[in-house]
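Have a look at my_file.txt below; it lists compact mmCIF, C-alpha atoms.
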```txt
# COMPACT_ATOMS: atom_id res chain seq x y z
CA MET A 1 0.00 0.00 0.00
CA PHE A 2 1.22 3.51 -0.78
CA VAL A 3 -0.08 6.98 -0.18
CA LEU A 4 0.49 9.87 -2.54
CA LEU A 5 -1.13 13.24 -2.13
CA VAL A 6 -2.56 14.63 -5.32
CA TRP A 7 -2.57 18.40 -5.31
CA GLY A 8 -5.43 18.63 -7.71
CA CYS A 9 -9.07 19.39 -7.38
CA LYS A 10 -12.18 18.49 -9.31
CA GLU A 11 -15.32 20.40 -8.39
CA ASP A 12 -13.56 21.72 -5.26
CA HIS A 13 -12.93 18.20 -4.04
CA THR A 14 -9.30 17.34 -3.39
CA PHE A 15 -8.45 13.71 -4.06
CA ILE A 16 -5.62 11.61 -2.67
CA LYS A 17 -4.03 8.42 -3.93
CA ILE A 18 -4.53 5.57 -1.47
CA THR A 19 -4.84 2.28 -3.32
CA ASN A 20 -2.66 0.23 -5.61
CA PRO A 21 -4.45 -2.23 -7.93
CA GLN A 22 -1.56 -4.65 -7.48
CA ASP A 23 -2.67 -5.01 -3.85
CA TYR A 24 -6.07 -6.43 -4.76
CA ASN A 25 -6.12 -7.49 -8.43
CA ALA A 26 -5.58 -11.13 -7.49
CA TYR A 27 -8.79 -11.00 -5.45
CA LEU A 28 -10.88 -9.80 -8.39
CA VAL A 29 -10.86 -13.18 -10.12
CA THR A 30 -14.36 -13.82 -11.44
CA THR A 31 -14.32 -17.60 -11.46
CA ARG A 32 -16.20 -19.59 -8.84
CA THR A 33 -15.03 -18.52 -5.41
CA PRO A 34 -13.39 -20.90 -2.91
CA SER A 35 -15.87 -20.04 -0.15
CA LEU A 36 -18.83 -20.73 -2.43
CA HIS A 37 -17.35 -24.05 -3.58
CA GLU A 38 -16.94 -25.18 0.04
CA LEU A 39 -20.44 -24.04 0.99
CA MET A 40 -22.08 -25.87 -1.91
CA ALA A 41 -20.32 -29.07 -0.87
CA GLU A 42 -21.42 -28.52 2.70
CA LYS A 43 -25.01 -27.89 1.59
CA GLN A 44 -25.03 -31.16 -0.33
CA PHE A 45 -23.69 -33.05 2.68
CA TRP A 46 -26.32 -31.76 5.12
CA SER A 47 -29.13 -32.04 2.54
CA ASN A 48 -28.29 -35.72 2.07
CA ARG A 49 -28.20 -36.25 5.83
CA LEU A 50 -31.56 -34.50 6.24
CA ALA A 51 -33.14 -36.59 3.51
CA ILE A 52 -32.41 -39.91 5.25
CA ASP A 53 -32.96 -38.78 8.86
CA THR A 54 -36.37 -39.56 10.34
CA SER A 55 -36.70 -36.32 12.33
CA GLY A 56 -34.03 -34.13 10.77
CA VAL A 57 -33.65 -32.02 13.91
CA GLY A 58 -29.90 -32.57 14.03
CA GLU A 59 -29.42 -31.55 10.40
CA ILE A 60 -31.76 -28.57 10.23
CA GLY A 61 -29.46 -26.21 12.15
CA PRO A 62 -26.29 -26.90 10.14
CA LEU A 63 -28.15 -26.78 6.81
CA ALA A 64 -29.88 -23.52 7.74
CA SER A 65 -26.48 -22.09 8.68
CA VAL A 66 -25.13 -23.08 5.27
CA TYR A 67 -28.04 -21.36 3.52
CA ASP A 68 -27.48 -18.24 5.62
CA ARG A 69 -23.81 -18.17 4.64
CA LEU A 70 -24.72 -18.83 1.01
CA TYR A 71 -26.88 -15.72 1.10
CA THR A 72 -23.94 -13.74 2.52
CA GLU A 73 -21.68 -15.18 -0.16
CA THR A 74 -23.97 -14.73 -3.18
CA GLY A 75 -26.62 -12.17 -2.22
CA LYS A 76 -29.34 -14.49 -3.55
CA ILE A 77 -32.46 -13.93 -1.48
CA GLU A 78 -33.76 -17.47 -2.00
CA TYR A 79 -31.00 -18.82 0.25
CA LEU A 80 -32.21 -16.58 3.07
CA ARG A 81 -35.77 -17.83 2.54
CA ASN A 82 -34.60 -21.45 2.56
CA ALA A 83 -32.85 -20.84 5.87
CA GLU A 84 -36.00 -19.24 7.27
CA ARG A 85 -38.17 -22.26 6.41
CA LEU A 86 -35.67 -24.69 7.94
CA LEU A 87 -35.36 -22.68 11.15
CA GLN A 88 -39.13 -22.39 11.48
CA LYS A 89 -39.30 -26.18 11.24
CA GLY A 90 -36.56 -26.48 13.83
CA VAL A 91 -38.46 -24.23 16.24
CA SER A 92 -41.59 -26.33 15.79
CA ILE A 93 -40.04 -29.78 16.32
CA ALA A 94 -37.06 -29.25 18.66
CA ALA A 95 -37.26 -30.33 22.28
CA ALA A 96 -37.58 -27.51 24.83
CA ASN A 97 -33.92 -27.75 25.85
CA TYR A 98 -32.73 -27.13 22.28
CA LYS A 99 -35.42 -24.80 20.94
CA ASP A 100 -33.64 -21.54 21.81
CA GLY A 101 -30.80 -22.17 19.36
CA PHE A 102 -33.31 -22.40 16.52
CA GLU A 103 -35.14 -19.35 17.84
CA ARG A 104 -31.98 -17.24 17.89
CA GLY A 105 -31.10 -18.50 14.42
CA LEU A 106 -34.56 -17.57 13.14
CA ALA A 107 -34.35 -14.16 14.83
CA HIS A 108 -30.99 -13.57 13.12
CA ASN A 109 -32.64 -14.50 9.81
CA TYR A 110 -35.47 -12.02 10.47
CA ILE A 111 -32.92 -9.30 11.24
CA SER A 112 -31.26 -9.95 7.87
CA GLN A 113 -34.68 -9.46 6.28
CA HIS A 114 -35.31 -6.25 8.27
CA ARG A 115 -38.20 -7.95 10.09
CA PHE A 116 -36.99 -6.47 13.35
CA ARG A 117 -40.24 -6.54 15.31
CA GLU A 118 -40.75 -10.23 14.58
CA ALA A 119 -37.17 -10.89 15.66
CA GLY A 120 -37.72 -9.02 18.91
CA GLU A 121 -40.93 -10.86 19.73
CA LEU A 122 -39.28 -14.22 19.07
CA LEU A 123 -36.24 -13.39 21.22
CA LYS A 124 -38.36 -12.16 24.14
CA LYS A 125 -40.35 -15.36 24.01
CA SER A 126 -37.14 -17.39 23.89
CA PHE A 127 -35.65 -15.46 26.82
CA GLU A 128 -38.64 -16.36 29.02
CA GLY A 129 -38.17 -20.06 28.30
CA ILE A 130 -35.20 -22.40 28.58
CA SER A 131 -32.49 -20.41 26.86
CA SER A 132 -28.94 -19.15 26.86
CA LYS A 133 -29.85 -15.86 28.51
CA ARG A 134 -26.71 -13.89 27.65
CA GLN A 135 -26.70 -14.82 23.97
CA THR A 136 -30.37 -13.94 23.71
CA GLN A 137 -29.85 -10.60 25.47
CA LEU A 138 -27.03 -9.72 23.10
CA MET A 139 -29.41 -10.20 20.19
CA LEU A 140 -32.14 -8.27 22.00
CA PHE A 141 -29.70 -5.35 22.17
CA ASP A 142 -29.20 -5.62 18.39
CA VAL A 143 -32.93 -5.57 17.75
CA ALA A 144 -33.56 -2.67 20.15
CA MET A 145 -30.94 -0.62 18.28
CA GLU A 146 -32.60 -1.38 14.95
CA LEU A 147 -36.02 -0.41 16.31
CA GLY A 148 -34.81 2.83 17.88
CA ASP A 149 -35.52 1.61 21.42
CA TYR A 150 -32.28 3.14 22.67
CA ASP A 151 -33.13 3.25 26.38
CA VAL A 152 -33.90 -0.47 26.25
CA ALA A 153 -30.72 -1.15 24.27
CA TYR A 154 -28.60 0.74 26.79
CA GLN A 155 -30.12 -1.22 29.66
CA TYR A 156 -29.20 -4.48 27.94
CA LEU A 157 -25.70 -3.14 27.44
CA THR A 158 -25.44 -2.23 31.12
CA ASP A 159 -26.64 -5.66 32.22
CA LEU A 160 -24.21 -7.41 29.86
CA LYS A 161 -21.10 -5.39 30.67
CA ASP A 162 -17.94 -7.49 30.42
CA MET A 163 -14.87 -5.86 28.92
CA THR A 164 -13.27 -9.28 28.38
CA ASP A 165 -16.11 -10.48 26.13
CA TYR A 166 -15.71 -10.02 22.38
CA ASN A 167 -19.47 -9.93 21.85
CA TYR A 168 -19.88 -7.16 24.41
CA LEU A 169 -17.01 -5.12 22.93
CA ILE A 170 -18.46 -5.06 19.42
CA ARG A 171 -21.78 -3.89 20.84
CA ILE A 172 -20.38 -1.15 23.07
CA SER A 173 -18.50 -0.08 19.95
CA LYS A 174 -21.79 0.12 18.04
CA TRP A 175 -23.37 2.08 20.89
CA SER A 176 -20.46 4.53 20.94
CA ASP A 177 -20.86 5.10 17.21
CA HIS A 178 -24.59 5.65 17.70
CA ILE A 179 -24.02 8.44 20.24
CA GLY A 180 -21.43 10.11 18.01
CA ASP A 181 -18.37 8.96 19.97
CA LEU A 182 -16.40 7.61 17.04
CA GLU A 183 -13.13 7.66 18.97
CA ASN A 184 -14.44 5.16 21.50
CA ALA A 185 -16.24 3.17 18.81
CA ILE A 186 -12.83 2.60 17.23
CA HIS A 187 -11.17 1.97 20.60
CA PHE A 188 -13.60 -0.80 21.53
CA MET A 189 -13.43 -2.35 18.06
CA GLU A 190 -9.65 -2.40 18.31
CA MET A 191 -10.03 -4.21 21.65
CA ALA A 192 -12.33 -6.70 19.94
CA LYS A 193 -9.70 -7.15 17.24
CA GLU A 194 -7.15 -8.09 19.91
CA LYS A 195 -9.59 -10.69 21.28
CA ALA A 196 -10.21 -12.14 17.82
CA GLU A 197 -6.50 -12.40 17.14
CA ALA A 198 -5.76 -13.90 20.55
CA ARG A 199 -8.36 -16.59 19.84
CA ASP A 200 -7.00 -16.94 16.29
CA SER A 201 -10.59 -17.12 15.08
CA LYS A 202 -10.73 -16.61 11.33
CA PRO A 203 -14.47 -15.70 11.25
CA LEU A 204 -14.07 -13.18 14.08
CA LYS A 205 -10.98 -11.65 12.49
CA ILE A 206 -12.77 -11.28 9.15
CA TRP A 207 -15.76 -9.59 10.77
CA THR A 208 -13.66 -7.34 13.01
CA TYR A 209 -11.14 -6.25 10.39
CA SER A 210 -13.87 -5.28 7.91
CA ASN A 211 -15.91 -3.39 10.50
CA LEU A 212 -12.84 -1.63 11.85
CA ALA A 213 -12.06 -0.60 8.28
CA ASP A 214 -15.49 1.02 8.08
CA TYR A 215 -14.92 2.94 11.31
CA TYR A 216 -11.51 4.13 10.14
CA GLY A 217 -13.16 5.38 6.97
CA HIS A 218 -15.81 7.28 8.95
CA ALA A 219 -12.99 8.89 10.93
CA GLY A 220 -11.14 9.94 7.78
CA ARG A 221 -8.33 7.46 8.47
CA ILE A 222 -8.58 6.16 4.94
CA GLU A 223 -5.13 4.59 4.65
CA GLU A 224 -5.80 2.52 7.78
CA SER A 225 -9.21 1.60 6.41
CA TYR A 226 -7.61 0.33 3.22
CA ASP A 227 -5.04 -1.69 5.17
CA GLN A 228 -7.79 -3.39 7.19
CA TYR A 229 -9.70 -4.25 4.02
CA LEU A 230 -6.57 -5.83 2.56
CA SER A 231 -6.00 -7.79 5.78
CA THR A 232 -9.55 -9.13 5.46
CA LEU A 233 -8.99 -10.21 1.87
CA GLU A 234 -5.88 -12.11 2.92
CA LEU A 235 -8.15 -14.23 5.11
CA GLN A 236 -11.12 -14.35 2.74
CA PRO A 237 -10.16 -13.50 -0.87
CA ASP A 238 -13.78 -13.55 -2.07
CA ASN A 239 -15.22 -11.14 0.52
CA ALA A 240 -17.60 -9.02 -1.55
CA TYR A 241 -18.28 -6.51 1.23
CA VAL A 242 -14.59 -5.65 1.50
CA LYS A 243 -14.16 -5.27 -2.27
CA ARG A 244 -17.09 -2.89 -2.18
CA GLY A 245 -15.27 -0.91 0.51
CA ILE A 246 -12.15 -0.68 -1.63
CA ALA A 247 -14.26 0.42 -4.59
CA TRP A 248 -15.64 3.25 -2.46
CA ILE A 249 -12.11 4.34 -1.55
CA THR A 250 -11.09 4.47 -5.22
CA PHE A 251 -14.20 6.53 -5.96
CA SER A 252 -14.60 8.83 -2.97
CA ALA A 253 -11.00 9.33 -1.87
CA GLU A 254 -9.32 9.08 -5.27
CA GLY A 255 -12.02 10.26 -7.68
CA ASN A 256 -11.41 7.20 -9.86
CA ALA A 257 -14.89 6.10 -10.89
CA GLU A 258 -13.51 3.92 -13.69
CA GLU A 259 -11.54 1.78 -11.23
CA ALA A 260 -14.48 1.68 -8.83
CA LEU A 261 -16.68 0.34 -11.63
CA ARG A 262 -14.07 -2.29 -12.51
CA ILE A 263 -14.01 -3.55 -8.91
CA ILE A 264 -17.80 -3.60 -8.52
CA ASP A 265 -18.26 -5.31 -11.89
CA SER A 266 -15.94 -8.11 -10.76
CA VAL A 267 -17.92 -8.51 -7.54
CA MET A 268 -21.27 -8.65 -9.35
CA LYS A 269 -20.21 -11.67 -11.37
CA VAL A 270 -20.41 -13.83 -8.24
CA HIS A 271 -22.38 -11.73 -5.74
CA GLN A 272 -25.83 -10.38 -6.50
CA LEU A 273 -27.35 -7.50 -4.54
CA PRO A 274 -29.68 -4.91 -6.07
CA ASP A 275 -27.91 -1.98 -4.39
CA TYR A 276 -24.75 -2.56 -6.40
CA HIS A 277 -26.65 -0.87 -9.20
CA LEU A 278 -27.02 2.26 -7.08
CA LEU A 279 -23.27 2.35 -6.62
CA ARG A 280 -22.80 1.97 -10.37
CA SER A 281 -25.32 4.76 -10.90
CA GLU A 282 -23.31 7.07 -8.64
CA PHE A 283 -20.06 6.21 -10.38
CA TYR A 284 -21.57 6.84 -13.82
CA HIS A 285 -23.10 10.10 -12.63
CA PHE A 286 -19.67 11.27 -11.47
CA GLN A 287 -18.41 10.55 -14.99
CA ASN A 288 -21.29 12.66 -16.38
CA ASN A 289 -22.72 9.55 -18.03
CA LEU A 290 -26.26 10.39 -16.97
CA ILE A 291 -27.94 7.93 -19.34
CA GLU A 292 -26.17 4.93 -17.82
CA SER A 293 -26.65 6.37 -14.35
CA GLU A 294 -30.41 6.47 -14.88
CA LYS A 295 -30.43 2.94 -16.30
CA GLU A 296 -28.74 1.64 -13.15
CA ILE A 297 -31.36 3.24 -10.90
CA ASN A 298 -34.13 1.72 -12.98
CA ARG A 299 -32.40 -1.66 -12.84
CA PHE A 300 -32.26 -1.43 -9.05
CA ILE A 301 -35.98 -0.65 -8.83
CA ASP A 302 -36.84 -3.52 -11.17
CA LEU A 303 -34.75 -6.02 -9.18
CA VAL A 304 -36.35 -5.01 -5.89
CA LYS A 305 -39.84 -5.32 -7.43
CA GLU A 306 -39.00 -8.70 -8.93
CA GLY A 307 -37.32 -10.08 -5.82
CA ASP A 308 -38.86 -11.22 -2.57
CA TYR A 309 -37.08 -8.58 -0.47
CA GLY A 310 -39.85 -7.33 1.78
CA ALA A 311 -38.71 -4.17 3.59
CA MET A 312 -35.00 -4.75 3.03
CA TYR A 313 -34.61 -1.92 0.49
CA ASN A 314 -37.24 0.54 1.70
CA THR A 315 -34.75 3.22 2.74
CA TYR A 316 -33.10 3.15 -0.70
CA LEU A 317 -36.48 3.38 -2.41
CA ILE A 318 -37.58 6.31 -0.27
CA ASN A 319 -34.50 8.27 -1.32
CA ILE A 320 -35.12 7.47 -4.98
CA TYR A 321 -38.86 8.14 -4.97
CA ALA A 322 -38.39 11.39 -3.07
CA GLU A 323 -36.93 12.75 -6.32
CA ARG A 324 -39.13 10.82 -8.76
CA ASP A 325 -42.46 10.22 -7.06
CA PRO A 326 -42.73 12.18 -3.79
CA GLU A 327 -46.18 10.80 -2.92
CA MET A 328 -44.88 7.24 -3.19
CA ALA A 329 -41.85 8.19 -1.09
CA LEU A 330 -44.09 9.61 1.63
CA GLU A 331 -46.30 6.52 1.67
CA LEU A 332 -43.29 4.23 1.90
CA ALA A 333 -41.64 6.37 4.60
CA GLU A 334 -44.77 6.24 6.75
CA THR A 335 -44.77 2.45 6.40
CA GLU A 336 -41.10 2.26 7.33
CA ILE A 337 -41.72 4.28 10.51
CA VAL A 338 -44.15 1.55 11.61
CA ASN A 339 -41.45 -1.06 10.95
CA ARG A 340 -38.64 0.80 12.75
CA ALA A 341 -39.03 4.22 14.34
CA THR A 342 -35.41 5.40 14.36
CA PRO A 343 -33.95 8.88 13.78
CA GLU A 344 -32.72 7.62 10.42
CA THR A 345 -36.19 6.57 9.27
CA TYR A 346 -37.74 9.75 10.65
CA GLN A 347 -35.30 11.90 8.66
CA LEU A 348 -36.37 10.01 5.54
CA LEU A 349 -40.00 10.77 6.43
CA ALA A 350 -39.08 14.43 6.86
CA TYR A 351 -37.25 14.46 3.53
CA ALA A 352 -40.29 12.93 1.81
CA GLN A 353 -42.50 15.54 3.48
CA LEU A 354 -40.21 18.30 2.20
CA GLN A 355 -40.35 16.90 -1.34
CA ASN A 356 -44.15 16.93 -1.10
CA GLY A 357 -44.15 20.66 -0.28
CA GLN A 358 -44.74 20.09 3.44
CA LYS A 359 -41.72 22.04 4.67
CA GLU A 360 -43.21 23.04 8.05
CA LYS A 361 -44.29 19.48 8.74
CA ALA A 362 -40.83 18.25 7.75
CA LEU A 363 -39.24 20.71 10.19
CA HIS A 364 -41.54 19.52 12.96
CA THR A 365 -40.54 15.90 12.27
CA ILE A 366 -36.86 16.82 12.40
CA GLU A 367 -37.16 18.84 15.62
CA LEU A 368 -39.17 16.12 17.36
CA PHE A 369 -37.48 12.91 16.23
CA VAL A 370 -34.09 13.63 14.65
CA GLU A 371 -32.27 16.61 16.18
CA GLY A 372 -29.42 15.42 18.42
CA LYS A 373 -30.37 11.77 17.89
CA THR A 374 -28.25 10.80 14.86
CA PHE A 375 -24.82 11.73 13.55
CA GLU A 376 -25.15 9.96 10.20
CA PRO A 377 -23.97 12.42 7.51
CA LYS A 378 -26.69 11.75 4.94
CA ALA A 379 -29.33 12.20 7.63
CA LEU A 380 -27.74 15.50 8.67
CA PHE A 381 -27.68 16.60 5.02
CA HIS A 382 -31.43 16.08 4.77
CA CYS A 383 -31.84 18.01 8.00
CA ALA A 384 -29.84 20.87 6.47
CA LEU A 385 -32.07 20.91 3.39
CA ILE A 386 -35.15 21.13 5.61
CA TYR A 387 -33.65 23.92 7.74
CA LYS A 388 -32.76 25.80 4.56
CA ALA A 389 -36.30 25.49 3.21
CA ASN A 390 -37.60 26.91 6.49
CA GLY A 391 -35.17 29.82 6.56
CA LYS A 392 -33.11 28.55 9.50
CA ARG A 393 -29.80 29.78 8.13
CA LYS A 394 -27.86 29.48 11.39
CA MET A 395 -28.76 25.79 11.68
CA VAL A 396 -27.76 25.24 8.04
CA LYS A 397 -24.41 26.91 8.61
CA GLU A 398 -23.66 24.76 11.67
CA LEU A 399 -24.57 21.52 9.89
CA LYS A 400 -22.66 22.49 6.75
CA SER A 401 -19.53 23.00 8.83
CA GLU A 402 -19.85 19.46 10.20
CA LEU A 403 -20.81 17.88 6.89
CA LEU A 404 -17.80 19.31 5.08
CA LYS A 405 -15.67 17.08 7.31
CA ALA A 406 -17.46 13.97 6.02
CA LYS A 407 -16.55 14.21 2.34
CA PHE A 408 -15.13 10.68 2.16
CA GLU A 409 -18.19 9.14 3.76
CA VAL A 410 -20.75 10.98 1.61
CA GLY A 411 -18.80 10.84 -1.64
CA PRO A 412 -18.01 13.62 -4.14
CA LEU A 413 -21.54 13.99 -5.57
CA THR A 414 -23.22 14.62 -2.23
CA TYR A 415 -20.21 16.70 -1.15
CA ARG A 416 -20.88 19.10 -4.01
CA LYS A 417 -24.48 19.47 -2.80
CA ILE A 418 -23.23 20.15 0.72
CA GLN A 419 -20.95 22.89 -0.60
CA SER A 420 -23.93 24.59 -2.22
CA LEU A 421 -26.05 24.68 0.97
```

Would you give me this structure, written as structure tokens?
Amino acid sequence: MFVLLVWGCKEDHTFIKITNPQDYNAYLVTTRTPSLHELMAEKQFWSNRLAIDTSGVGEIGPLASVYDRLYTETGKIEYLRNAERLLQKGVSIAAANYKDGFERGLAHNYISQHRFREAGELLKKSFEGISSKRQTQLMLFDVAMELGDYDVAYQYLTDLKDMTDYNYLIRISKWSDHIGDLENAIHFMEMAKEKAEARDSKPLKIWTYSNLADYYGHAGRIEESYDQYLSTLELQPDNAYVKRGIAWITFSAEGNAEEALRIIDSVMKVHQLPDYHLLRSEFYHFQNNLIESEKEINRFIDLVKEGDYGAMYNTYLINIYAERDPEMALELAETEIVNRATPETYQLLAYAQLQNGQKEKALHTIELFVEGKTFEPKALFHCALIYKANGKRKMVKELKSELLKAKFEVGPLTYRKIQSL
């Protein structure tokens, strides 16, 4: 890895050279990935075992886990649905002493599908029965955070406190990030990294390195972010999430949309998620290729409509429809608030209200549900737009000052909009 400052500027955005394609080219091979090959063999093994077993209870868990990992590896929603059906069967047939493992697995599946309320109800029921209380509480914290029940989440965190526990450390890190304390979020994740390395656990190291890379990026420590992504790829060469992170660095930090497209295109040959098309749209837009940019947005919408994704892409759709079909955006935002009433979903509701000409209502939503409750840059940008529409110039100025520090996180296109506030 090398770092070279580039004293140039495009649209008032200074770019720096961080990456070297030689660092990651070997990982962009588009043939069948090693992880996928192993998982398919594992799926076949457990499927055969399940077929000949009279009850199948001993095979359901491992097979469901394989399907869950296949979804992570490929992005194909049908694998997530297959895991859901297996886990539901496990919950229904398992003996009381073993039911909670299936219930936590099913709750995790629901979380992946953004069915957070169902996950919470299942976990609460499991906690009252014969269960591993600590593991269930850890997941209850996760669900409370997703639902915006922050007082409840903090109470779980207080009850679970154990600075020697990896699972606690990654959650106190998440909490710190939520309250805007990025320094401690990184500190606790670095402690978790030490635990993962001390245990020499490959899965934990992969998860921790990639999440630490994200935090470094949020903090503007882009070189360190890149190093962590590369460390992850050394352990898992076909990690699509990490390649996506490197693509963002080449785009947002370096202004190299062509290289970002090359990386994402290689990922999409083996990993299928609709939101990759939104990334491609942003990259094309930066290149002033507005026709291709629009095609990518339309492709994303079509894939979400065609797929069985439920609420998984609602936030993306709200942002898109706010520009294209404000009434649809408002309807979808109101539905999403029912699903998860967080500051992030409320700011989307406010943005949809603004786009529908309801600027005073949007301001009320922001003041009541968003102000001081989120530090996510894109949420703050929408807040700034709403303050501007309502003539609150002082508030706009304060937010603009903060947002200008987040140019890597928001990317050059949104950064230009921030500059024009």

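The space between CA of Leu403 (chain A) and CA of Ala219 (chain A) spans 12.6 Å.
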
Within 12 Å of (-27.4, -11.6, 22.1), in the coordinates the file gives, what residues turn up when you count only C-alpha atoms, written out as a ChimeraX atom specification?
/A:100-101,103-105,107-108,119-120,123-124,126-127,131-144,153,156-157,159-160,166-168,170-171

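Nearest-residue note for Ala379 (chain A): choosing from A:Leu330, A:Ala253, A:Tyr276, A:Asn319, the minimum distance belongs to A:Asn319, counting all atoms listed in the file.
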
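Residue nearest Lys269 (chain A), chosen from A:Glu73, A:Asp149, A:Leu50, A:Asp177 and counting all atoms listed in the file: A:Glu73.
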
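In this model, the gap between CA of Leu87 (chain A) and CA of Arg115 (chain A) comes to 15.0 Å.
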
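If you look at CA of Ile246 (chain A) and CA of Val29 (chain A), they are 15.2 Å away from each other.
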
Give me, as a ChimeraX atom specification, all polymer residues having an atom no more than 8 Å from His271 (chain A), counting only C-alpha atoms and skipping those fewer than 5 positions away in the same chain.
/A:73-76,240

Would you list the contacts of Lys417 (chain A) as an mmCIF file with C-alpha atoms, in the frame of the given file, taking every protein, DNA or RNA residue within 12 Å and counting only C-alpha atoms, but skipping same-chain residues closer than 2 positions in sequence?
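New file around09.cif:
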```cif
data_model
loop_
_atom_site.group_PDB
_atom_site.id
_atom_site.type_symbol
_atom_site.label_atom_id
_atom_site.label_comp_id
_atom_site.auth_asym_id
_atom_site.auth_seq_id
_atom_site.Cartn_x
_atom_site.Cartn_y
_atom_site.Cartn_z
ATOM 1 C CA GLU A 11 -15.320 20.400 -8.390
ATOM 2 C CA ASP A 12 -13.560 21.720 -5.260
ATOM 3 C CA HIS A 13 -12.930 18.200 -4.040
ATOM 4 C CA LYS A 378 -26.690 11.750 4.940
ATOM 5 C CA PHE A 381 -27.680 16.600 5.020
ATOM 6 C CA HIS A 382 -31.430 16.080 4.770
ATOM 7 C CA ALA A 384 -29.840 20.870 6.470
ATOM 8 C CA LEU A 385 -32.070 20.910 3.390
ATOM 9 C CA LYS A 400 -22.660 22.490 6.750
ATOM 10 C CA LEU A 403 -20.810 17.880 6.890
ATOM 11 C CA LEU A 404 -17.800 19.310 5.080
ATOM 12 C CA LYS A 407 -16.550 14.210 2.340
ATOM 13 C CA VAL A 410 -20.750 10.980 1.610
ATOM 14 C CA GLY A 411 -18.800 10.840 -1.640
ATOM 15 C CA PRO A 412 -18.010 13.620 -4.140
ATOM 16 C CA LEU A 413 -21.540 13.990 -5.570
ATOM 17 C CA THR A 414 -23.220 14.620 -2.230
ATOM 18 C CA TYR A 415 -20.210 16.700 -1.150
ATOM 19 C CA GLN A 419 -20.950 22.890 -0.600
ATOM 20 C CA SER A 420 -23.930 24.590 -2.220
ATOM 21 C CA LEU A 421 -26.050 24.680 0.970
#
```

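Contact shell of region 203-218 of chain A at 8 Å (only C-alpha atoms; same-chain neighbours under 3 positions omitted): A:Leu182, A:Ala185, A:Ile186, A:Met189, A:Glu190, A:Ala192, A:Lys193, A:Ala196, A:Glu197, A:Asp200, A:Arg221, A:Ile222, A:Glu224, A:Ser225, A:Tyr226, A:Asp227, A:Gln228, A:Tyr229, A:Ser231, A:Thr232, A:Leu235, A:Gln236, A:Val242, A:Gly245, A:Ala406, A:Phe408, A:Glu409.
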
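Compared by their closest atoms to Tyr346 (chain A), and using all atoms listed in the file, the residues A:Tyr387, A:Leu233, A:Gly148, A:Glu306 rank with A:Gly148 nearest.
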